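Q: Below you'll find the structure I mean.
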Amino acid sequence: MSQDSQHGKWSISSSDEDEDKLTPSGKTTSTLLSPLPLSRMSPSPPDLQVQVKSETNGTPASSLPIGSQARQAAAQNQLSPVKFESSPSAKRKKEAPEGSGWALSDSDDDDDVKKEHSAPNRKPPSSHSKKVEQERPPSPHGRLYYIDEPADFFESSLPCLSDTYRFYLNKVTGLDRKFNTGALHIRDVLSPLFGTLKASAQFNYCFDIAWMVQQYPPESRDRPVLIVHGDKREAKARLVQQAKPFPHVKFCQAKLDITFGTHHTKMMLLSYQEGFRVVITTSNLIRADWYQKTQGMWMSPLFPRLPDGSSASDGESPTFFKRDLLEYLASYRAPELEEWIQRINEHDLSETRVYLVASTPGRYTGPDVERWGHLRLRKLLYQHTDPVPAEDQWPVLGQFSSIGSLGLDKTKWLAGEFQRTLTTLGKSSQRPDPPVHLLYPAVEDVRTSLEGYPAGGSLPYSIQTAQKQLWLHAYFHRWQAHSTGRTHAMPHIKTYMRTSPDFGRLAWFLVTSANLSKAAWGALEKNNTQLMVRSYELGVLFLPSAFNMDTFPVQKNPFPVSSSSGFPVPFDLPPTAYSSEDQPWIWNIPYSQVPDTHGNVWVPS
């Protein structure tokens, strides 16, 4: 069968070829796409060149392969962009990789499409002081596409924060100032205004060690940092190589005993002279994840130290956050984490109002089957929410940046066990079948984004997976976030929620590292008696009962941050369904019919 879009005709075969071994977070066992020739890179106009301060001596982190194959392809595209050409020779047919069964042919409407979908108006770079130019970090686009940060992007004053939910979006360059008021950059998170750092632990999937060290305040850049990662063999060797200039950086390797699992958790444990803090985020510890993508985080209060002689059970919250965090850390079975387990035991976490929802690799039976993954979420929704009238009209929303193989039809997992979890509300015996809306960027969303096509490097949905689950695309909705100013900042955040029929209230809200995949959430086996989970994931669940509410009101205009009791959903509600011309972003096929916002095309080779 075939489907038409403004980017060409997508022909789909019934290939039974095994899909690439692409994990939910995007790493593959394949080699990096072959580099595009440097001769095709357009020279940088003199007025757009920026003097950038070197971040480290020795091998720059940017020269080392970091992240998934899709991310590396995006980095290569930024280094050697392929410019759009309107000459006939540039309109030759571009084939997808051999055997994929998906091809792109020429569109007869290129000229009309270019007029209709012209790049958004962009302000010319403003002139900053020489000091700011020297100190600011490089743009994720490289020098050619430098977009100036607002003058207050790295402001040192305490940002205006909402303490009700403690859920924040990351700052994004190039937005109106109001959309960053109350948002956080990693330098804000690590700022001495939040505490005097003594040590920290960084749990993540991708690391740029030199860049990470630079984000700490100067006075804290030699404090001990523990890196908790899942890299093996060559990837582990590269990570260790990155850290050689930084003797204060140590490592803890997460055990990944089930094939194709990843360490996808993104968490900071911050030990201060004044106390202790937990930050659970959706951002990798690489520069590109903190500048022009939509990301989110939950930042805990500053937890005070317990008095000497306190028992291990002291300092627990009504949500049992302390117990669950300790249980999650214990699941690593890592001696390097013992001192962090001890630190948590010594602090009072009683002010926490969120629930921890984690995944750890393993096969779980009996009482353990509800400890992790989507069955953990199901248990919490069963215990701490209440049924609502006409609940079959309360939609379920899932929003994510990557998609795994979900089966030949929706009943295999999505509309079966996973939907049962997401539709659980209290002890209701109903098995409702409400609308399910899945938000994932369309090709047009990526093309018109701040980063252009390279933003798709963080959306690693592969052709090999997509062509086997065309049924899934009927669920898809566009990424639109006008309410938060982030329509053109592609999402790396992952959120799941249940909304009222008018989209004005939330029954619950979850922000997590978990994408839409069985590896992340787990899948039932052995006649539903065993849950198999491949990856480490971590998120926090907001339930109205923990905030003395029946439901969360949705805040219609989250920025600038105010003291409103409304919940700041990161994107527009109600979501907009794909049109007949929309196609989900597929990272490993070419898009050469229409240029992106930087005048480039996407040609993986």
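Residues in the structure tokens are named by chain (A, B, ... in the order shown) and by number from 1 within that chain; ligands are numbered from 1 in the order shown.
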So which residues of range 471-600 of chain A fall under alpha helix (DSSP H) by DSSP, listed as a PyMOL selection string?

A: chain A and resi 518-521

Q: Go ahead and dump the residues you just picked, N, CA, C and O atoms, as a PDB file, in the first residue's frame.

A:
ATOM      1  N   LYS A 518       7.370  -1.763  25.184  1.00  0.00           N
ATOM      2  CA  LYS A 518       7.265  -2.859  26.150  1.00  0.00           C
ATOM      3  C   LYS A 518       8.552  -2.977  26.963  1.00  0.00           C
ATOM      4  O   LYS A 518       8.520  -3.398  28.125  1.00  0.00           O
ATOM      5  N   ALA A 519       9.672  -2.631  26.359  1.00  0.00           N
ATOM      6  CA  ALA A 519      10.945  -2.692  27.084  1.00  0.00           C
ATOM      7  C   ALA A 519      10.934  -1.749  28.279  1.00  0.00           C
ATOM      8  O   ALA A 519      11.499  -2.049  29.336  1.00  0.00           O
ATOM      9  N   ALA A 520      10.314  -0.587  28.113  1.00  0.00           N
ATOM     10  CA  ALA A 520      10.269   0.413  29.182  1.00  0.00           C
ATOM     11  C   ALA A 520       9.224   0.088  30.242  1.00  0.00           C
ATOM     12  O   ALA A 520       9.474   0.214  31.441  1.00  0.00           O
ATOM     13  N   TRP A 521       8.037  -0.321  29.781  1.00  0.00           N
ATOM     14  CA  TRP A 521       6.899  -0.479  30.696  1.00  0.00           C
ATOM     15  C   TRP A 521       6.710  -1.916  31.172  1.00  0.00           C
ATOM     16  O   TRP A 521       6.007  -2.156  32.158  1.00  0.00           O
TER      17      TRP A 521
END

Q: So which residues touch Tyr291 in chain A within 6 Å, counting only C-alpha atoms, skipping near sequence neighbours fewer than 2 positions away, as a ChimeraX atom specification?

A: /A:172-173,288-289

Q: Name the residues in contact with range 261-275 of chain A at a cut-off of 6 Å, using only C-alpha atoms, excluding same-chain residues fewer than 3 positions from it; report them as a PyMOL selection string.

A: chain A and resi 195-205+230+258+278-281+303-305+534-538

Q: Could you write out, as a ChimeraX atom specification, all the residues of range 245-458 of chain A that DSSP marks as strand (DSSP E)?

A: /A:249-253,267-272,276-281,296-299,355-359,362-365,396-399,436-439

Q: Can you tell me which residues surround Arg478 in chain A at a distance of at most 7 Å, considering only C-alpha atoms, apart from same-chain residues fewer than 3 positions away, and format the answer as a ChimeraX atom specification?

A: /A:439-442,575-578

Q: How would the residues just picked look written out with N, CA and C atoms as a CSV table (one decimal), in the first residue's frame?

A:
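Result saved to out21.csv:
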chain,number,residue,atom,x,y,z
A,439,LEU,N,0.4,11.4,21.4
A,439,LEU,CA,1.1,12.5,20.8
A,439,LEU,C,2.5,12.2,20.4
A,440,TYR,N,2.8,12.3,19.1
A,440,TYR,CA,4.1,12.1,18.5
A,440,TYR,C,4.3,13.0,17.3
A,441,PRO,N,5.4,13.7,17.2
A,441,PRO,CA,5.6,14.7,16.2
A,441,PRO,C,5.4,14.1,14.8
A,442,ALA,N,4.7,14.9,13.9
A,442,ALA,CA,4.6,14.6,12.5
A,442,ALA,C,5.9,15.1,11.8
A,575,PRO,N,-5.7,17.8,22.1
A,575,PRO,CA,-4.7,17.6,21.0
A,575,PRO,C,-5.3,17.5,19.6
A,576,THR,N,-4.5,17.8,18.6
A,576,THR,CA,-5.0,17.8,17.2
A,576,THR,C,-4.6,16.5,16.5
A,577,ALA,N,-5.6,15.8,16.0
A,577,ALA,CA,-5.3,14.5,15.4
A,577,ALA,C,-4.6,14.7,14.0
A,578,TYR,N,-3.8,13.8,13.6
A,578,TYR,CA,-3.1,13.8,12.3
A,578,TYR,C,-4.2,14.0,11.2

Q: Using only C-alpha atoms, which of A:Pro584, A:Pro432, A:Gly67, A:Pro491 sits nearest His477 in chain A?

A: A:Pro584
